[in-house]
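Student: Next comes the structure file model-v3.pdb, holding PDB, C-alpha atoms.
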ATOM      1  CA  MET G 712      83.471  89.158  86.794
ATOM      2  CA  LYS G 713      84.935  87.075  89.609
ATOM      3  CA  SER G 714      84.414  88.213  93.196
ATOM      4  CA  SER G 715      86.890  90.490  94.957
ATOM      5  CA  LEU G 716      88.797  91.727  91.960
ATOM      6  CA  ARG G 717      91.646  93.759  93.491
ATOM      7  CA  ILE G 718      92.062  97.191  91.942
ATOM      8  CA  LEU G 719      94.610  99.875  92.736
ATOM      9  CA  SER G 720      93.229 103.344  91.963
ATOM     10  CA  ILE G 721      95.877 106.051  91.390
ATOM     11  CA  GLY G 722      95.199 109.774  91.051
ATOM     12  CA  VAL G 723      93.838 112.814  92.818
ATOM     13  CA  VAL G 724      90.410 112.253  94.313
ATOM     14  CA  ASP G 725      87.869 114.104  92.196
ATOM     15  CA  PRO G 726      84.123 113.548  91.638
ATOM     16  CA  MET G 727      84.629 111.366  88.540
ATOM     17  CA  ARG G 728      87.149 109.090  90.249
ATOM     18  CA  VAL G 729      84.935 108.809  93.331
ATOM     19  CA  ALA G 730      81.975 107.825  91.129
ATOM     20  CA  TYR G 731      84.054 105.208  89.280
ATOM     21  CA  ASP G 732      85.446 103.826  92.542
ATOM     22  CA  ILE G 733      81.966 103.524  94.056
ATOM     23  CA  PHE G 734      80.648 101.843  90.902
ATOM     24  CA  LEU G 735      83.516  99.325  90.914
ATOM     25  CA  ARG G 736      83.014  98.556  94.621
ATOM     26  CA  LEU G 737      79.326  97.892  93.951
ATOM     27  CA  HIS G 738      80.443  95.262  91.419
ATOM     28  CA  GLN G 739      82.608  93.089  93.706
ATOM     29  CA  CYS G 740      85.837  95.040  93.323
ATOM     30  CA  GLU G 741      88.145  95.627  96.259
ATOM     31  CA  LEU G 742      89.847  99.001  95.859
ATOM     32  CA  ALA G 743      92.841 100.711  97.395
ATOM     33  CA  SER G 744      93.621 104.307  96.512
ATOM     34  CA  VAL G 745      96.706 106.477  96.353
ATOM     35  CA  ALA G 746      96.854 110.106  95.245
ATOM     36  CA  ASP G 747     100.089 109.936  93.247
ATOM     37  CA  TYR G 748     102.887 107.632  92.154
ATOM     38  CA  ARG G 749     105.068 108.437  95.185
ATOM     39  CA  GLU G 750     102.491 106.790  97.448
ATOM     40  CA  LEU G 751     102.946 103.529  95.525
ATOM     41  CA  TYR G 752     106.319 103.061  97.255
ATOM     42  CA  ALA G 753     104.546 102.778 100.626
ATOM     43  CA  LEU G 754     102.385  99.849  99.511
ATOM     44  CA  PRO G 755     103.648  96.409 100.555
ATOM     45  CA  ALA G 756     105.240  94.427  97.739
ATOM     46  CA  GLU G 757     103.352  91.317  98.868
ATOM     47  CA  GLU G 758     100.014  92.964  98.039
ATOM     48  CA  LYS G 759      98.597  91.515  94.829
ATOM     49  CA  TRP G 760      96.781  93.880  92.478
ATOM     50  CA  GLU G 761      94.994  92.569  89.416
ATOM     51  CA  ILE G 762      94.225  95.957  87.861
ATOM     52  CA  ALA G 763      95.840  99.370  88.332
ATOM     53  CA  VAL G 764      93.786 102.350  87.160
ATOM     54  CA  LEU G 765      95.848 105.481  86.443
ATOM     55  CA  TYR G 766      93.616 108.566  86.336
ATOM     56  CA  HIS G 767      93.853 111.720  84.228
ATOM     57  CA  SER G 768      94.852 113.833  87.233
ATOM     58  CA  LEU G 769      98.372 112.388  86.944
ATOM     59  CA  SER G 770     100.854 114.188  84.701
ATOM     60  CA  GLN G 771     102.348 112.314  81.735
ATOM     61  CA  ASP G 772     105.541 111.814  83.771
ATOM     62  CA  GLU G 773     103.558 110.504  86.752
ATOM     63  CA  VAL G 774     101.666 108.081  84.518
ATOM     64  CA  ARG G 775     104.951 106.814  83.081
ATOM     65  CA  GLU G 776     106.610 106.505  86.517
ATOM     66  CA  SER G 777     103.542 104.742  87.943
ATOM     67  CA  ALA G 778     103.400 102.291  85.053
ATOM     68  CA  HIS G 779     107.116 101.480  85.337
ATOM     69  CA  PHE G 780     106.803 100.945  89.087
ATOM     70  CA  ILE G 781     103.691  98.757  88.754
ATOM     71  CA  ARG G 782     105.310  96.623  86.032
ATOM     72  CA  ARG G 783     108.337  96.039  88.302
ATOM     73  CA  ARG G 784     106.544  95.461  91.627
ATOM     74  CA  TRP G 785     103.360  93.751  90.402
ATOM     75  CA  PRO G 786     104.198  92.446  86.914
ATOM     76  CA  GLU G 787     100.988  90.423  86.679
ATOM     77  CA  ALA G 788      98.783  93.526  87.158
ATOM     78  CA  ARG G 789      96.981  94.935  84.129
ATOM     79  CA  ILE G 790      97.205  98.735  83.733
ATOM     80  CA  LEU G 791      94.237 100.834  82.617
ATOM     81  CA  ILE G 792      94.738 104.530  81.905
ATOM     82  CA  VAL G 793      91.841 107.003  82.158
ATOM     83  CA  ARG G 794      93.025 109.873  79.984
ATOM     84  CA  SER G 795      91.780 111.799  76.944
ATOM     85  CA  GLU G 796      95.016 111.685  74.990
ATOM     86  CA  ALA G 797      97.143 108.620  74.403
ATOM     87  CA  PRO G 798      99.997 108.423  76.895
ATOM     88  CA  CYS G 799     103.449 109.342  75.624
ATOM     89  CA  MET G 800     105.043 106.035  76.521
ATOM     90  CA  ASP G 801     105.741 102.548  75.263
ATOM     91  CA  ASP G 802     102.585 100.492  74.667
ATOM     92  CA  ALA G 803     104.069  97.686  76.794
ATOM     93  CA  LEU G 804     103.661  99.885  79.874
ATOM     94  CA  TYR G 805      99.863  99.820  79.788
ATOM     95  CA  ASP G 806      97.121  97.473  78.678
ATOM     96  CA  ASP G 807      94.224  99.748  77.767
ATOM     97  CA  ARG G 808      92.918 103.302  77.904
ATOM     98  CA  VAL G 809      89.494 104.892  78.291
ATOM     99  CA  VAL G 810      88.551 108.555  78.136
ATOM    100  CA  PRO G 811      87.554 110.413  81.315
ATOM    101  CA  GLY G 812      83.790 110.545  81.719
ATOM    102  CA  VAL G 813      83.195 107.234  79.948
ATOM    103  CA  ASN G 814      80.053 105.451  81.124
ATOM    104  CA  PRO G 815      80.907 103.469  84.301
ATOM    105  CA  GLU G 816      79.519 100.322  82.671
ATOM    106  CA  VAL G 817      82.081 100.708  79.874
ATOM    107  CA  LEU G 818      84.820 101.124  82.479
ATOM    108  CA  LEU G 819      83.591  97.965  84.225
ATOM    109  CA  ALA G 820      83.557  96.060  80.925
ATOM    110  CA  VAL G 821      87.170  97.080  80.226
ATOM    111  CA  VAL G 822      88.206  96.098  83.768
ATOM    112  CA  ASP G 823      86.426  92.760  83.359
ATOM    113  CA  ARG G 824      88.139  92.147  80.008
ATOM    114  CA  LEU G 825      91.553  93.023  81.453
ATOM    115  CA  ALA G 826      90.954  90.721  84.433
ATOM    116  CA  GLY G 827      89.980  87.948  82.022
ATOM    117  CA  SER G 828      93.100  88.457  79.915
ATOM    118  CA  ARG G 829      95.171  88.294  83.101
ATOM    119  CA  GLU G 830      93.545  84.993  84.086
ATOM    120  CA  ARG G 831      94.187  83.546  80.629
ATOM    121  CA  LYS G 832      97.871  84.544  80.816
ATOM    122  CA  LEU G 833      98.262  82.952  84.258
ATOM    123  CA  THR G 834      96.710  79.659  83.142
ATOM    124  CA  ALA G 835      98.549  79.492  79.814
TER
END
Before anything else, please render the file you have as structure tokens.
Tutor:
Amino acid sequence: MKSSLRILSIGVVDPMRVAYDIFLRLHQCELASVADYRELYALPAEEKWEIAVLYHSLSQDEVRESAHFIRRRWPEARILIVRSEAPCMDDALYDDRVVPGVNPEVLLAVVDRLAGSRERKLTA
């Protein structure tokens, strides 16, 4: 994984999210956190996020609203959803999904793969 991968973490702070965030920071990821989709509007548009992680604490509607907003404001960002059930939305609104409680190394591998697919798209 390249250094300083920029990740936007979205959802209520709970022990699982804290553990994932710490694990990602330990692996050269720069994280910013917001508790819900409404806080996304306060983030500067000029910020560049490579990965947005939408956590299970968000409702289905909040996941959908967050994904729409991220696709509009940061279209190059890859979206990873941490949720047990598949989101009720168009597949084009997110790039991958993992279940809550997945091993942090699996989460890191998915983030790394998504960052790699982003780099390939930008160089193509």
Student: Contacts of Val774 of chain G at 9 Å or less, counting all atoms listed in the file, minus same-chain residues fewer than 3 places along, as a list in words?
Tutor: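 Counting all atoms listed in the file, the residues come to Tyr748, Leu765, Tyr766, His767, Leu769, Ser770, Gln771, Ser777, Ala778, His779, Ile792, Pro798 and Met800 of chain G.
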Student: Which of these residues is nearest to Gly827 of chain G, using all atoms listed in the file: G:Val809, G:Leu742, G:Ile762, G:Ala797?
Tutor: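 Of all the options, G:Ile762 lies closest to Gly827 of chain G.
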Student: In Å, with one decimal, what is the gap from atom CA of Val813 of chain G to atom CA of Arg783 of chain G?
Tutor: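 Between these atoms lies a distance of 28.8 Å.
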Student: Give me, as a list in words, all polymer residues having an atom no more than 12 Å from Arg782 of chain G, counting only C-alpha atoms and skipping those fewer than 3 positions away in the same chain.
Tutor: Leu751, Ala756, Trp760, Glu761, Ile762, Ala763, Arg775, Glu776, Ser777, Ala778, His779, Trp785, Pro786, Glu787, Ala788, Arg789, Ile790, Ala803, Leu804, Tyr805 and Asp806 of chain G
Student: Tell me which residues the PyMOL selection byres ((chain G and resi 815) around 9) grabs here, as JSON, numbers by chain.
Tutor: {"G": [730, 731, 734, 735, 812, 813, 814, 816, 817, 818, 819, 820]}
Student: Record the distance separating atom CA of Leu825 of chain G and atom CA of Pro726 of chain G, expressed in Å with one decimal.
Tutor: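 Between atom CA of Leu825 of chain G and atom CA of Pro726 of chain G the gap works out to 24.1 Å.
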Student: Provide the atom CA of Val729 of chain G to atom CA of Val810 of chain G distance in Å, to one decimal place.
Tutor: 15.6 Å
Student: So, with all atoms listed in the file as the atoms that count, which of G:Ala753, G:Cys799, G:Ala826, G:Ile781 lies closest to Cys740 of chain G?
Tutor: G:Ala826
Student: For this structure, which residues satisfy the selection - the PyMOL selection byres ((chain G and resi 743) around 8) - when it is evaluated on the file as given? I want them as a PDB file with C-alpha atoms, keeping the file's coordinate frame.
Tutor:
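Generated output (expr-v9.pdb):
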ATOM      1  CA  ILE G 718      92.062  97.191  91.942  1.00  0.00           C
ATOM      2  CA  LEU G 719      94.610  99.875  92.736  1.00  0.00           C
ATOM      3  CA  SER G 720      93.229 103.344  91.963  1.00  0.00           C
ATOM      4  CA  GLU G 741      88.145  95.627  96.259  1.00  0.00           C
ATOM      5  CA  LEU G 742      89.847  99.001  95.859  1.00  0.00           C
ATOM      6  CA  SER G 744      93.621 104.307  96.512  1.00  0.00           C
ATOM      7  CA  VAL G 745      96.706 106.477  96.353  1.00  0.00           C
TER       8      VAL G 745
END
Student: I need the residue nearest Tyr752 of chain G from this list: G:Ile733, G:His738, G:Arg784, G:Val724. Use only C-alpha atoms for the distance.
Tutor: G:Arg784
Student: For a quick check of understanding, using all atoms listed in the file, which of G:Arg728, G:Ser715, G:Pro755, G:Glu773 has the smallest distance to Pro811 of chain G?
Tutor: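 The shortest atom-to-atom distance to Pro811 of chain G comes from G:Arg728.
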Student: Evaluate the PyMOL selection byres ((chain G and resi 746) around 6) against this structure - the residues, as a ChimeraX atom specification, please.
Tutor: /G:721-723,745,747
